[in-house]
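Asker: The structure's right below; bear with me while I get my questions together.
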Protein chains: 4
Amino acid sequence: MKDVTTEEGQDRRVRRTRRAIREALQTLLQDNSIEQITVKEIAAEADIGYTTFFRHFTTKEAALADLADYEAEELIAHCFPLLRSADSRAASLVFCQHIDSRRRVWTALLTGGAASIVREALVRHTLERSNDWPQSRSWLPPESGLTLVIGLLVEVLGWWLSRAENLTPEHVSEIMDRLFISKLVEKEG
Amino acid sequence: MKDVTTEEGQDRRVRRTRRAIREALQTLLQDNSIEQITVKEIAAEADIGYTTFFRHFTTKEAALADLADYEAEELIAHCFPLLRSADSRAASLVFCQHIDSRRRVWTALLTGGAASIVREALVRHTLERSNDWPQSRSWLPPESGLTLVIGLLVEVLGWWLSRAENLTPEHVSEIMDRLFISKLVEKEG
Amino acid sequence: MKDVTTEEGQDRRVRRTRRAIREALQTLLQDNSIEQITVKEIAAEADIGYTTFFRHFTTKEAALADLADYEAEELIAHCFPLLRSADSRAASLVFCQHIDSRRRVWTALLTGGAASIVREALVRHTLERSNDWPQSRSWLPPESGLTLVIGLLVEVLGWWLSRAENLTPEHVSEIMDRLFISKLVEKEG
Amino acid sequence: MKDVTTEEGQDRRVRRTRRAIREALQTLLQDNSIEQITVKEIAAEADIGYTTFFRHFTTKEAALADLADYEAEELIAHCFPLLRSADSRAASLVFCQHIDSRRRVWTALLTGGAASIVREALVRHTLERSNDWPQSRSWLPPESGLTLVIGLLVEVLGWWLSRAENLTPEHVSEIMDRLFISKLVEKEG
DNA sequence: CTCTAATCGAGACGGTACGTCGCGTCTTACG
DNA sequence: CGTAAGACGCGACGTACCGTCTCGATTAGAG
């Protein structure tokens, strides 16, 4: 009943409340980091009772993880087909364009001290889709390499959204590709 | 009087107390993240009065920033000469070896939710040494490029110290170099 | 919600907590003056949380005022009918006997540095019952005369309960009457 | 060396410091009660170091007692001759006139929560002058009667200086005399 | 006039209490 | 009869003040 990520066959009211919490959190994250936000504020913004919040999430971090999971799922679903393609440049571009299209949420997620939660959500969803990540890089440990790469991606995105906000998705995808993505797809030499 | 980084001509008691706080924090960070640690614990570990802590730092985060600054200074001082050299591989290696030699502190600093503080300390110290960072990468914004690169470095280090602990400094430096360091020194083409 | 004296239609928990605070204070006042008592002690004695105390009273003095008010109300209710009677001696006796019957509380209230709070409570309750105090003494300022007389009463009681504890109510009422009460009811001459 | 009342053959600096503390306290008491005043404030007002205060008095209450003692001594010295005279009215008048002449100090002493300290000082000085107080009132306990009478006096003075400030010394002395002083000198009946 | 010891200013320090804030639980009143 | 409102316990926070302490600088008063 608690801290759920996927709730399919739920009571309509439950779905409604969870959605309200998610959106309230999203709104509040635009102005404050997660630790500055209080459960009281979330409840007020979601227009639910204070106690009610705890019927759905044990902590506000759990609610954040839920939101992160939700967005990560969408991102991965959107970009996964391209991940295995050889054209790293195109993949990077699609990736950045998706982030740009949901810029406010991702800014909140990546610049409010929640980056590690997002990173974990992304790793989880990627592994769900592909247990055998194309680990052709002999110099990268196969078991944790994915975590590293996603960490770097998250880092670049966080940098973009907090310190280089005027860059275009095209520019950022070029930086990403030049910096390390290309190295991951090129033939080993 | 507060949240200082460099205090030269201070009262002996003051220097003693600040040092005690720094070391206590370092010790506690080995087992808990910064937000799990309480000021009470820091004071107890440093064997100073609770109130005394606040005479030196406004928050525990400020104390952490002090510690980060202290370590960042040492790291940069040790590695700076190599940074401009063309041999990126050698520079990466020295860098990782220094981290390895002070592994416990850096593990604490990078895996306890304090990475952003460390990143800022590193950026600050790097800029202090070289206001004109060799910004030959036309595809990288000169004003914030350094922040990005240091962010990536910190990310790799955090990954190393928390998820790939058995890797040798040599191996990690190779990963770093292959992934993105080499791209930063190679001739543009 | 705070520093209340009369709370009728309150949550049962609230009434219970306030009553516990009042009784705890009463108990502690038997051994310590109000400024020696800490909120922590009150909370411990009342078996409530430290923070909870502040949900009901802003300071411990306010809690004391509540207790004083409570006792003053009882005293005045008990003695008021006699106050206007011509028989000052009988009125004084009933007064002292009531105090004697609740000796421990009144000792605490009058000898623990709280006399001024008690005095104010008594003045307030007396005025509530009779806005037009029989001010036939031409040599006594009508507007503040009551305050003075009650001050003297409180002074005598404080003296009795702290320095002449072995005196009987009868004896004290005689002293009170001979000293000044009789002067207030006798015909002016 | 501490909490002294009479310091004759002292270092000039010591005398100077004590005098400064007394005057500072006197000044501060005009606006705040004794518990609102901090040692820091006293030291600042007296223009001495914080630590220095403690070289002369263990607590601020001790300093207050010193001041009270000083004033009580003057008052008693001035009024004692009249106390045994049969003319209670004249004695009361002289008493009130002296208070009026040093009105600011006495207001501070009697309306700032320090009344009990003053009362004790007065009792002490009175007893010093006359161990055998004329205790002809059979209805008043000889051993504690003086304390009571002085308590009443102090109460009237406090009332005068805080709630009936516009009364003249003549008026107050009349009230005092009518209320209870006359009862103490009249022939027993 | 000098020397020596007491006094002083400055302020770091440990400690206690305060009052606030937020969390997460649990009771209660109300619809 | 369920549910929101909110009282509650808990614990950390940061502040204020107390009284102790060390360290120099100053100054009185004796020789």
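In the structure tokens, chains take the letters A, B, ... in the order shown, each chain's residues start at 1, and ligands count up from 1 in the order shown.
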Dump as a list in words the residues of chain F that approach chain A to within 10 Å, counting only C-alpha atoms (C1' of nucleotides).
Answerer: DT3, DA4, DA5 and DG6 of chain F
Asker: From a backbone DSSP assignment, name each residue in chain B labelled helix (DSSP H, G or I), as an NGL selection string.
Answerer: :B and (12-29 or 39-46 or 50-56 or 60-83 or 88-101 or 103-111 or 115-129 or 142-163 or 169-185)
Asker: What gap, in Å, lies between atom CA of B:Ser85 and atom CA of B:Leu67?
Answerer: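 One can read the atom CA of B:Ser85 to atom CA of B:Leu67 distance as 28.5 Å.
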Asker: Report as JSON lines: every residue of chain B with an atom at most 9 Å from chain A, its closest pair of atoms, and their distance in Å to one decimal, counting only C-alpha atoms, with rows sorted by chain and ascending residue number.
Answerer:
{"residue": "B:Gly113", "atom": "CA", "partner": "A:Gly113", "partner_atom": "CA", "distance": 8.4}
{"residue": "B:Ser116", "atom": "CA", "partner": "A:Gly113", "partner_atom": "CA", "distance": 8.6}
{"residue": "B:Trp139", "atom": "CA", "partner": "A:Ile175", "partner_atom": "CA", "distance": 6.5}
{"residue": "B:Leu140", "atom": "CA", "partner": "A:Ile175", "partner_atom": "CA", "distance": 6.7}
{"residue": "B:Pro141", "atom": "CA", "partner": "A:Ala164", "partner_atom": "CA", "distance": 8.3}
{"residue": "B:Ser144", "atom": "CA", "partner": "A:Arg163", "partner_atom": "CA", "distance": 7.0}
{"residue": "B:Thr147", "atom": "CA", "partner": "A:Trp159", "partner_atom": "CA", "distance": 7.9}
{"residue": "B:Leu148", "atom": "CA", "partner": "A:Trp159", "partner_atom": "CA", "distance": 6.2}
{"residue": "B:Gly151", "atom": "CA", "partner": "A:Glu155", "partner_atom": "CA", "distance": 6.6}
{"residue": "B:Leu152", "atom": "CA", "partner": "A:Leu152", "partner_atom": "CA", "distance": 6.0}
{"residue": "B:Glu155", "atom": "CA", "partner": "A:Leu152", "partner_atom": "CA", "distance": 6.5}
{"residue": "B:Val156", "atom": "CA", "partner": "A:Leu148", "partner_atom": "CA", "distance": 6.8}
{"residue": "B:Trp159", "atom": "CA", "partner": "A:Leu148", "partner_atom": "CA", "distance": 6.2}
{"residue": "B:Trp160", "atom": "CA", "partner": "A:Leu148", "partner_atom": "CA", "distance": 8.6}
{"residue": "B:Arg163", "atom": "CA", "partner": "A:Ser144", "partner_atom": "CA", "distance": 6.9}
{"residue": "B:Ala164", "atom": "CA", "partner": "A:Ser144", "partner_atom": "CA", "distance": 7.0}
{"residue": "B:Leu167", "atom": "CA", "partner": "A:Pro141", "partner_atom": "CA", "distance": 9.0}
{"residue": "B:His171", "atom": "CA", "partner": "A:Trp139", "partner_atom": "CA", "distance": 7.8}
{"residue": "B:Glu174", "atom": "CA", "partner": "A:Trp139", "partner_atom": "CA", "distance": 7.6}
{"residue": "B:Ile175", "atom": "CA", "partner": "A:Trp139", "partner_atom": "CA", "distance": 6.6}
{"residue": "B:Arg178", "atom": "CA", "partner": "A:Lys183", "partner_atom": "CA", "distance": 7.5}
{"residue": "B:Leu179", "atom": "CA", "partner": "A:Phe180", "partner_atom": "CA", "distance": 5.1}
{"residue": "B:Phe180", "atom": "CA", "partner": "A:Leu179", "partner_atom": "CA", "distance": 5.1}
{"residue": "B:Ile181", "atom": "CA", "partner": "A:Leu179", "partner_atom": "CA", "distance": 8.2}
{"residue": "B:Lys183", "atom": "CA", "partner": "A:Leu179", "partner_atom": "CA", "distance": 6.4}
{"residue": "B:Leu184", "atom": "CA", "partner": "A:Leu179", "partner_atom": "CA", "distance": 8.0}
Asker: Save out the residues we just selected, C-alpha atoms, as a CSV table (one decimal), in the first residue's frame.
Answerer:
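The new file part-v9.csv reads:
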chain,number,residue,atom,x,y,z
B,113,GLY,CA,25.6,13.4,-0.3
B,116,SER,CA,28.1,19.1,-4.7
B,139,TRP,CA,32.4,23.0,-28.4
B,140,LEU,CA,32.6,23.5,-24.7
B,141,PRO,CA,31.3,26.8,-23.1
B,144,SER,CA,31.1,26.8,-17.3
B,147,THR,CA,32.5,23.1,-13.7
B,148,LEU,CA,31.2,20.4,-16.0
B,151,GLY,CA,31.5,17.5,-12.1
B,152,LEU,CA,32.4,14.5,-14.3
B,155,GLU,CA,31.1,11.6,-10.6
B,156,VAL,CA,33.7,9.1,-11.7
B,159,TRP,CA,31.3,5.8,-8.6
B,160,TRP,CA,34.7,4.4,-8.0
B,163,ARG,CA,30.4,1.1,-6.5
B,164,ALA,CA,33.6,-0.1,-7.9
B,167,LEU,CA,39.3,-1.1,-8.9
B,171,HIS,CA,42.3,1.2,-13.8
B,174,GLU,CA,42.4,4.6,-17.5
B,175,ILE,CA,38.7,4.8,-17.5
B,178,ARG,CA,39.5,7.0,-22.1
B,179,LEU,CA,36.1,8.4,-21.3
B,180,PHE,CA,36.7,12.1,-21.5
B,181,ILE,CA,40.0,13.4,-20.3
B,183,LYS,CA,39.1,14.4,-25.5
B,184,LEU,CA,40.0,17.5,-23.6
Asker: Compile the contact shell of B:Asp69 as number ranges by chain: residues with an atom at most 7 Å away, counting only C-alpha atoms (C1' of nucleotides), same-chain residues fewer than 3 positions apart removed.
Answerer: B: 5, 65-66, 72-73, 121
Asker: The selected residues should be written to file as a CSV table (one decimal), in the first residue's frame (atoms: C-alpha atoms).
Answerer:
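Below is the file that was written, part18.csv:
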chain,number,residue,atom,x,y,z
B,5,THR,CA,38.6,28.2,5.5
B,65,ALA,CA,32.6,22.7,3.3
B,66,ASP,CA,35.6,23.6,5.4
B,72,ALA,CA,40.5,20.1,-2.2
B,73,GLU,CA,43.4,22.4,-1.6
B,121,ALA,CA,35.4,23.5,-3.5
Asker: Just want the 9 Å neighbourhood of F:DC17, counted on only C-alpha atoms (C1' of nucleotides), with same-chain residues fewer than 3 positions away dropped. Output as a PyMOL selection string.
Answerer: chain D and resi 38-40
